[in-house]
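A.B. asks: Pasting a structure here, questions to come.
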Amino acid sequence: MPQTIYVLNGPNLNLLGTREPAIYGHATLADVERLCAETASSVGVTAVCRQSNHEGQLIDWIHEARDKQVSGIVINAGAYTHTSIALHDALVGVQIPTVEVHVSNVFAREDFRHHSFIAKAAFASLCGFGIDGYRLAITGLAAKISASSKS
Ligand code: DQA
């Protein structure tokens, strides 16, 4: 049975493709999810992709990941990245290897995007690669999962 990872996208990421294309590009959330499914299968894991505009729903999925013994999480928490102690606490609480992703380079943008509550709960953070960041995140996460299953 391939191991499962969750790819969680937060608020406004359902608008990818039409939302500020100069910053986020033209790819849609469906394109992101297709890329995640293909990447996951190429590295021997299964990606379950979900998106919500609601903080509590994202927290429930993080808890569900532990209940279902999910091996890793890739999360783009959107603007909750910069505000949500609750998402930080959920990720710390479940102790599942997590990679934070952002489509845009948050450090080259407004000051309020420079702090991430998710980063402290993740073993790696990626930003600025556009949607390719999801491919890089899944590849790195799968390598981490495989290394820790051997140790
Ligand atoms: C984002 C960056 C966040 O600052 C922003 O609020 C988003 C998208 C990104 O993917 O670049 O919604 O997470």
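Just so we're on the same page: first chain in the structure tokens is A, next is B, and so on; residues restart at 1 for each chain, and ligands are numbered from 1 in the order they show up.
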Show me a table, sorted first by chain and then by increasing residue number, of the residues of chain A having an atom at most 9 Å from ligand 1, each with its shortest atom pair and the distance in Å to one decimal, counting only C-alpha atoms and all ligand atoms and written as CSV.

C.D. replies:
residue,atom,partner,partner_atom_place_in_ligand_line,distance
A:Asn9,CA,ligand 1,13 (O),8.6
A:Gly10,CA,ligand 1,12 (O),7.3
A:Pro11,CA,ligand 1,12 (O),6.2
A:Asn12,CA,ligand 1,12 (O),5.8
A:Leu13,CA,ligand 1,12 (O),6.2
A:Ile23,CA,ligand 1,11 (O),7.8
A:Tyr24,CA,ligand 1,11 (O),6.7
A:Asn76,CA,ligand 1,13 (O),5.4
A:Ala77,CA,ligand 1,13 (O),5.9
A:Gly78,CA,ligand 1,12 (O),3.4
A:Ala79,CA,ligand 1,6 (O),3.3
A:Tyr80,CA,ligand 1,6 (O),7.1
A:Thr81,CA,ligand 1,3 (C),6.9
A:His82,CA,ligand 1,4 (O),7.2
A:Val101,CA,ligand 1,10 (O),6.6
A:His102,CA,ligand 1,10 (O),3.4
A:Val103,CA,ligand 1,10 (O),3.7
A:Ser104,CA,ligand 1,11 (O),3.6
A:Asn105,CA,ligand 1,11 (O),6.3
A:Val106,CA,ligand 1,4 (O),5.8
A:Arg109,CA,ligand 1,4 (O),8.2
A:Glu110,CA,ligand 1,4 (O),8.5
A:Phe112,CA,ligand 1,4 (O),8.1
A:Arg113,CA,ligand 1,4 (O),5.1
A:His114,CA,ligand 1,4 (O),8.3
A:Cys127,CA,ligand 1,11 (O),6.9
A:Gly128,CA,ligand 1,11 (O),7.2
A:Gly130,CA,ligand 1,11 (O),7.8
A:Ile131,CA,ligand 1,10 (O),8.4

A.B. asks: List every residue of chain A that DSSP, applied to the backbone of this structure, assigns to strand (DSSP E), and report them as a PDB file with N, CA and C atoms, in the first residue's frame.

C.D. replies:
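What follows is the written file out-v9.pdb:
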ATOM      1  N   GLN A   3       2.087   4.972   0.782  1.00  0.00           N
ATOM      2  CA  GLN A   3       1.787   5.881   1.888  1.00  0.00           C
ATOM      3  C   GLN A   3       1.003   7.079   1.347  1.00  0.00           C
ATOM      4  N   THR A   4       0.179   7.646   2.225  1.00  0.00           N
ATOM      5  CA  THR A   4      -0.650   8.791   1.820  1.00  0.00           C
ATOM      6  C   THR A   4      -0.082  10.077   2.400  1.00  0.00           C
ATOM      7  N   ILE A   5      -0.118  11.143   1.598  1.00  0.00           N
ATOM      8  CA  ILE A   5       0.171  12.483   2.108  1.00  0.00           C
ATOM      9  C   ILE A   5      -1.051  13.376   1.850  1.00  0.00           C
ATOM     10  N   TYR A   6      -1.225  14.350   2.727  1.00  0.00           N
ATOM     11  CA  TYR A   6      -2.278  15.347   2.507  1.00  0.00           C
ATOM     12  C   TYR A   6      -1.642  16.616   1.929  1.00  0.00           C
ATOM     13  N   VAL A   7      -2.301  17.177   0.911  1.00  0.00           N
ATOM     14  CA  VAL A   7      -1.921  18.484   0.375  1.00  0.00           C
ATOM     15  C   VAL A   7      -3.074  19.428   0.696  1.00  0.00           C
ATOM     16  N   LEU A   8      -2.832  20.325   1.649  1.00  0.00           N
ATOM     17  CA  LEU A   8      -3.902  21.208   2.132  1.00  0.00           C
ATOM     18  C   LEU A   8      -3.669  22.629   1.644  1.00  0.00           C
ATOM     19  N   ASN A   9      -4.686  23.177   0.996  1.00  0.00           N
ATOM     20  CA  ASN A   9      -4.645  24.560   0.540  1.00  0.00           C
ATOM     21  C   ASN A   9      -5.688  25.377   1.270  1.00  0.00           C
ATOM     22  N   VAL A  45       3.976   7.729  -3.581  1.00  0.00           N
ATOM     23  CA  VAL A  45       2.996   8.006  -2.523  1.00  0.00           C
ATOM     24  C   VAL A  45       1.682   8.449  -3.173  1.00  0.00           C
ATOM     25  N   THR A  46       0.623   8.475  -2.366  1.00  0.00           N
ATOM     26  CA  THR A  46      -0.674   8.935  -2.861  1.00  0.00           C
ATOM     27  C   THR A  46      -0.975  10.295  -2.234  1.00  0.00           C
ATOM     28  N   ALA A  47      -1.355  11.271  -3.083  1.00  0.00           N
ATOM     29  CA  ALA A  47      -1.686  12.607  -2.564  1.00  0.00           C
ATOM     30  C   ALA A  47      -3.196  12.761  -2.463  1.00  0.00           C
ATOM     31  N   VAL A  48      -3.667  13.166  -1.291  1.00  0.00           N
ATOM     32  CA  VAL A  48      -5.069  13.550  -1.103  1.00  0.00           C
ATOM     33  C   VAL A  48      -5.072  15.076  -1.001  1.00  0.00           C
ATOM     34  N   CYS A  49      -5.709  15.736  -1.992  1.00  0.00           N
ATOM     35  CA  CYS A  49      -5.672  17.207  -2.073  1.00  0.00           C
ATOM     36  C   CYS A  49      -6.985  17.804  -1.592  1.00  0.00           C
ATOM     37  N   ARG A  50      -6.880  18.808  -0.728  1.00  0.00           N
ATOM     38  CA  ARG A  50      -8.084  19.468  -0.230  1.00  0.00           C
ATOM     39  C   ARG A  50      -7.842  20.974  -0.140  1.00  0.00           C
ATOM     40  N   GLN A  51      -8.926  21.726  -0.315  1.00  0.00           N
ATOM     41  CA  GLN A  51      -8.847  23.196  -0.165  1.00  0.00           C
ATOM     42  C   GLN A  51     -10.022  23.679   0.651  1.00  0.00           C
ATOM     43  N   GLY A  72       2.579  12.355   5.737  1.00  0.00           N
ATOM     44  CA  GLY A  72       3.147  13.692   5.607  1.00  0.00           C
ATOM     45  C   GLY A  72       2.094  14.690   5.151  1.00  0.00           C
ATOM     46  N   ILE A  73       2.399  15.955   5.375  1.00  0.00           N
ATOM     47  CA  ILE A  73       1.474  17.034   4.986  1.00  0.00           C
ATOM     48  C   ILE A  73       2.250  18.099   4.223  1.00  0.00           C
ATOM     49  N   VAL A  74       1.675  18.539   3.092  1.00  0.00           N
ATOM     50  CA  VAL A  74       2.131  19.754   2.406  1.00  0.00           C
ATOM     51  C   VAL A  74       1.022  20.768   2.616  1.00  0.00           C
ATOM     52  N   ILE A  75       1.367  21.944   3.119  1.00  0.00           N
ATOM     53  CA  ILE A  75       0.320  22.930   3.390  1.00  0.00           C
ATOM     54  C   ILE A  75       0.695  24.306   2.870  1.00  0.00           C
ATOM     55  N   ASN A  76      -0.246  24.877   2.120  1.00  0.00           N
ATOM     56  CA  ASN A  76      -0.204  26.300   1.803  1.00  0.00           C
ATOM     57  C   ASN A  76      -1.402  26.901   2.533  1.00  0.00           C
ATOM     58  N   THR A  98       5.841  17.901   7.986  1.00  0.00           N
ATOM     59  CA  THR A  98       5.082  18.892   7.213  1.00  0.00           C
ATOM     60  C   THR A  98       6.023  19.807   6.441  1.00  0.00           C
ATOM     61  N   VAL A  99       5.627  20.098   5.205  1.00  0.00           N
ATOM     62  CA  VAL A  99       6.329  21.101   4.397  1.00  0.00           C
ATOM     63  C   VAL A  99       5.358  22.250   4.114  1.00  0.00           C
ATOM     64  N   GLU A 100       5.834  23.459   4.361  1.00  0.00           N
ATOM     65  CA  GLU A 100       5.062  24.670   4.059  1.00  0.00           C
ATOM     66  C   GLU A 100       5.399  25.128   2.639  1.00  0.00           C
ATOM     67  N   VAL A 101       4.375  25.488   1.886  1.00  0.00           N
ATOM     68  CA  VAL A 101       4.580  25.971   0.511  1.00  0.00           C
ATOM     69  C   VAL A 101       3.844  27.293   0.311  1.00  0.00           C
ATOM     70  N   HIS A 102       4.477  28.177  -0.447  1.00  0.00           N
ATOM     71  CA  HIS A 102       3.790  29.374  -0.955  1.00  0.00           C
ATOM     72  C   HIS A 102       4.134  29.536  -2.424  1.00  0.00           C
ATOM     73  N   ALA A 124      10.356  22.017   6.623  1.00  0.00           N
ATOM     74  CA  ALA A 124      10.886  22.786   5.494  1.00  0.00           C
ATOM     75  C   ALA A 124       9.831  23.752   4.996  1.00  0.00           C
ATOM     76  N   SER A 125      10.303  24.848   4.417  1.00  0.00           N
ATOM     77  CA  SER A 125       9.407  25.853   3.830  1.00  0.00           C
ATOM     78  C   SER A 125       9.930  26.225   2.451  1.00  0.00           C
ATOM     79  N   LEU A 126       9.011  26.346   1.507  1.00  0.00           N
ATOM     80  CA  LEU A 126       9.369  26.708   0.136  1.00  0.00           C
ATOM     81  C   LEU A 126       8.493  27.864  -0.303  1.00  0.00           C
ATOM     82  N   CYS A 127       9.085  28.861  -0.949  1.00  0.00           N
ATOM     83  CA  CYS A 127       8.248  29.923  -1.521  1.00  0.00           C
ATOM     84  C   CYS A 127       8.933  30.494  -2.739  1.00  0.00           C
TER      85      CYS A 127
END

A.B. asks: Contacts of A:Ile59 at 12 Å or less, counting only C-alpha atoms, minus same-chain residues fewer than 4 places along, as an NGL selection string?

C.D. replies: :A and (8-10 or 51-55 or 63-66 or 75 or 77 or 80 or 84-94)

A.B. asks: Near A:Ser42, within 12 Å and counting only C-alpha atoms, which residues show up once chain neighbours fewer than 3 positions away are dropped, as a PyMOL selection string?

C.D. replies: chain A and resi 2+35-39+45-47+135+138-139+142

A.B. asks: Pick from A:Ala27, A:Leu15, A:Ala147, A:Thr83: nearest to A:Phe117, with only C-alpha atoms counted?

C.D. replies: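 Answer, going by the shortest atom-to-atom distance: A:Thr83.
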
A.B. asks: Taking the DSSP secondary structure from the backbone, can you list the residues of chain A that are alpha helix (DSSP H), as an MDAnalysis selection string?

C.D. replies: chainID A and resid 21:24 29:42 55:67 85:94 132:150

A.B. asks: Separation of atom CA of A:Thr18 and atom CA of A:Glu33, in Å?

C.D. replies: 16.2 Å

A.B. asks: Can you measure atom CA of A:Ala119 to atom CA of A:Asn14 for me? One decimal in Å is fine.

C.D. replies: 22.1 Å

A.B. asks: Could you jot down the atom CA of A:Ile96 to atom CA of A:Ala40 separation for me, Å, one decimal place?

C.D. replies: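 Computing it gives 17.0 Å between the two atoms.
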
A.B. asks: Got a sec: who's within 7 Å of A:Thr28, counting only C-alpha atoms, leaving out chain neighbours fewer than 4 positions off, as a list in words?

C.D. replies: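 My reading of the contact set: Leu16, Gly17 and Val32 of chain A.
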